[in-house]
Amino acid sequence: AEVESLEASIAQYKSDYAVLIRDVEALKAEMESVTRKVERAESLLKSLGHESERWQKSSDGFQTILKSLVGDGLLMAAFLTYSGFCDFNYRSLMMERWKNTLDVLGIEYREDLGIVESLSKASARLLWQSEGLPGDQLSLENGVILDHAVRFPLIIDPSGSAIAFVMKRYKEDKIQKTSFLDKAFIKTL
């Protein structure tokens, strides 16, 4: 009888042991799952921290743009209005004078304002170059002026590159090229 009770208690111990091992394995699996979740959460928090920094920098950049919006707008409007008739050196001189005037008036503007970049898209500039416009600063400025012009510009072009660009760019608008030497100059105008 004593052997049977010992065998019964051994069987009970084995059963209890099996339950405890199963519980331990379940706890280990749950612990691994929780550990992975904690690692993902930490990674997400780290990523959100970087994103927060990026947003803060963007916000600071937007604040700078907002502060200089009036001055930048005045510089771009002045460029489009008055620069078309001038060569590159005189355009630079006028831009410096306009900036000095804004300084005197206390109107903020961005020192690194790129007129061409602000008034045109990169895709438009690439299109212009594919249509024959040279890639130098003066030609790109001329492209911006042509793109925003509401009147027909007078183009004096000894090299002929601007004429070729304009003819290709506006060929669907039935543009015509003329010269003072053409017999039908007045008729063409």
# chains A, B, ... in the order shown; residues from 1 in each chain; ligands from 1
>>> residues_around(residues="Phe79 (chain A)", least_positions_apart="2", cutoff="12 Å", atoms="only C-alpha atoms", output="CSV table (one decimal) with N, CA, C and O atoms, in the first residue's frame")
chain,number,residue,atom,x,y,z
A,72,ASP,N,11.4,88.5,-50.0
A,72,ASP,CA,11.6,87.6,-51.2
A,72,ASP,C,10.7,87.9,-52.3
A,72,ASP,O,11.1,87.9,-53.5
A,73,GLY,N,9.4,88.2,-52.0
A,73,GLY,CA,8.4,88.5,-53.0
A,73,GLY,C,8.8,89.8,-53.8
A,73,GLY,O,8.6,89.9,-55.0
A,74,LEU,N,9.2,90.8,-53.0
A,74,LEU,CA,9.6,92.0,-53.6
A,74,LEU,C,10.8,91.9,-54.6
A,74,LEU,O,10.8,92.4,-55.7
A,75,LEU,N,11.8,91.1,-54.1
A,75,LEU,CA,13.0,90.8,-54.9
A,75,LEU,C,12.6,90.1,-56.2
A,75,LEU,O,13.1,90.4,-57.3
A,76,MET,N,11.8,89.1,-56.1
A,76,MET,CA,11.4,88.3,-57.3
A,76,MET,C,10.5,89.1,-58.2
A,76,MET,O,10.7,89.1,-59.5
A,77,ALA,N,9.6,89.9,-57.7
A,77,ALA,CA,8.8,90.8,-58.5
A,77,ALA,C,9.6,91.8,-59.2
A,77,ALA,O,9.4,92.1,-60.4
A,81,THR,N,10.1,92.2,-63.3
A,81,THR,CA,9.7,93.4,-63.9
A,81,THR,C,10.8,94.2,-64.6
A,81,THR,O,10.6,94.7,-65.7
A,82,TYR,N,11.9,94.3,-63.9
A,82,TYR,CA,13.0,95.2,-64.4
A,82,TYR,C,14.2,94.5,-65.0
A,82,TYR,O,15.0,95.2,-65.7
A,83,SER,N,14.4,93.3,-64.8
A,83,SER,CA,15.7,92.7,-65.2
A,83,SER,C,15.8,92.2,-66.7
A,83,SER,O,16.8,92.0,-67.2
A,84,GLY,N,14.6,92.1,-67.3
A,84,GLY,CA,14.6,91.6,-68.7
A,84,GLY,C,15.5,92.3,-69.7
A,84,GLY,O,16.0,91.8,-70.6
A,85,PHE,N,15.6,93.6,-69.5
A,85,PHE,CA,16.3,94.4,-70.4
A,85,PHE,C,17.8,94.5,-70.1
A,85,PHE,O,18.6,95.2,-70.9
A,86,CYS,N,18.3,93.9,-69.1
A,86,CYS,CA,19.7,94.2,-68.6
A,86,CYS,C,20.5,92.9,-68.8
A,86,CYS,O,20.1,91.8,-68.8
A,88,PHE,N,23.8,90.5,-67.5
A,88,PHE,CA,24.1,89.8,-66.2
A,88,PHE,C,24.7,90.7,-65.2
A,88,PHE,O,24.2,90.6,-64.0
A,90,TYR,N,24.6,94.0,-64.8
A,90,TYR,CA,23.7,95.0,-64.4
A,90,TYR,C,22.6,94.4,-63.5
A,90,TYR,O,22.1,95.0,-62.6
A,91,ARG,N,22.1,93.2,-63.9
A,91,ARG,CA,21.1,92.5,-63.1
A,91,ARG,C,21.7,92.2,-61.6
A,91,ARG,O,20.9,92.4,-60.7
A,92,SER,N,22.9,91.8,-61.5
A,92,SER,CA,23.5,91.6,-60.2
A,92,SER,C,23.6,92.9,-59.4
A,92,SER,O,23.3,92.9,-58.2
A,93,LEU,N,24.0,93.9,-60.1
A,93,LEU,CA,24.1,95.3,-59.5
A,93,LEU,C,22.7,95.7,-59.0
A,93,LEU,O,22.5,96.2,-57.8
A,94,MET,N,21.7,95.5,-59.8
A,94,MET,CA,20.3,95.9,-59.4
A,94,MET,C,19.8,95.1,-58.2
A,94,MET,O,19.2,95.6,-57.3
A,95,MET,N,20.1,93.8,-58.2
A,95,MET,CA,19.7,93.0,-57.1
A,95,MET,C,20.4,93.4,-55.8
A,95,MET,O,19.7,93.5,-54.8
A,96,GLU,N,21.7,93.8,-55.9
A,96,GLU,CA,22.3,94.3,-54.7
A,96,GLU,C,21.7,95.6,-54.2
A,96,GLU,O,21.5,95.8,-53.0
A,97,ARG,N,21.4,96.5,-55.1
A,97,ARG,CA,20.7,97.7,-54.8
A,97,ARG,C,19.3,97.5,-54.1
A,97,ARG,O,19.0,98.1,-53.1
A,98,TRP,N,18.6,96.5,-54.7
A,98,TRP,CA,17.3,96.2,-54.1
A,98,TRP,C,17.4,95.7,-52.7
A,98,TRP,O,16.7,96.0,-51.8
A,99,LYS,N,18.4,94.8,-52.5
A,99,LYS,CA,18.7,94.2,-51.2
A,99,LYS,C,19.1,95.3,-50.2
A,99,LYS,O,18.6,95.3,-49.0
A,114,GLY,N,17.5,82.0,-54.3
A,114,GLY,CA,17.9,81.7,-55.7
A,114,GLY,C,16.7,82.1,-56.6
A,114,GLY,O,15.6,81.5,-56.5
A,115,ILE,N,16.8,83.2,-57.4
A,115,ILE,CA,15.7,83.7,-58.2
A,115,ILE,C,15.3,82.6,-59.2
A,115,ILE,O,14.1,82.3,-59.3
A,116,VAL,N,16.2,82.0,-59.9
A,116,VAL,CA,15.8,81.0,-60.8
A,116,VAL,C,15.2,79.8,-60.2
A,116,VAL,O,14.1,79.3,-60.6
A,118,SER,N,13.6,79.8,-57.3
A,118,SER,CA,12.3,80.2,-56.7
A,118,SER,C,11.2,80.4,-57.7
A,118,SER,O,10.0,80.2,-57.4
A,119,LEU,N,11.6,80.8,-58.9
A,119,LEU,CA,10.6,81.2,-59.9
A,119,LEU,C,10.3,80.1,-61.0
A,119,LEU,O,9.6,80.3,-61.9
A,141,GLU,N,18.0,82.6,-66.2
A,141,GLU,CA,17.2,83.8,-65.8
A,141,GLU,C,16.4,84.3,-66.9
A,141,GLU,O,15.2,84.6,-66.7
A,142,ASN,N,16.9,84.3,-68.1
A,142,ASN,CA,16.1,84.6,-69.3
A,142,ASN,C,14.9,83.7,-69.5
A,142,ASN,O,13.8,84.1,-69.9
A,144,VAL,N,13.4,82.1,-67.1
A,144,VAL,CA,12.4,82.4,-66.1
A,144,VAL,C,11.6,83.7,-66.6
A,144,VAL,O,10.4,83.7,-66.4
A,145,ILE,N,12.3,84.7,-67.1
A,145,ILE,CA,11.6,85.9,-67.5
A,145,ILE,C,10.6,85.6,-68.7
A,145,ILE,O,9.5,86.0,-68.7
A,148,HIS,N,7.5,83.8,-67.4
A,148,HIS,CA,6.6,84.6,-66.6
A,148,HIS,C,6.1,85.9,-67.4
A,148,HIS,O,5.3,86.6,-66.8
A,149,ALA,N,6.6,86.1,-68.6
A,149,ALA,CA,6.3,87.3,-69.3
A,149,ALA,C,4.8,87.3,-69.8
A,149,ALA,O,4.3,86.3,-70.2
>>> closest_atom_pairs(of="region 87-142 of chain A", to="region 159-178 of chain A", cutoff="12 Å", atoms="only C-alpha atoms", output="Markdown table")
| residue | atom | partner | partner_atom | distance |
| --- | --- | --- | --- | --- |
| A:Ala124 | CA | A:Arg169 | CA | 11.4 |
| A:Leu127 | CA | A:Arg169 | CA | 9.3 |
| A:Trp128 | CA | A:Phe165 | CA | 7.7 |
| A:Gln129 | CA | A:Phe165 | CA | 8.6 |
| A:Ser130 | CA | A:Phe165 | CA | 9.2 |
| A:Glu131 | CA | A:Phe165 | CA | 5.8 |
| A:Gly132 | CA | A:Phe165 | CA | 5.0 |
| A:Leu133 | CA | A:Phe165 | CA | 5.5 |
| A:Pro134 | CA | A:Ser161 | CA | 7.5 |
| A:Gly135 | CA | A:Ser161 | CA | 11.2 |
| A:Asp136 | CA | A:Ser161 | CA | 11.9 |
| A:Leu138 | CA | A:Ala162 | CA | 10.9 |
| A:Ser139 | CA | A:Ala162 | CA | 7.9 |
| A:Leu140 | CA | A:Ala162 | CA | 10.6 |
| A:Glu141 | CA | A:Ala162 | CA | 11.8 |
| A:Asn142 | CA | A:Ala162 | CA | 8.7 |
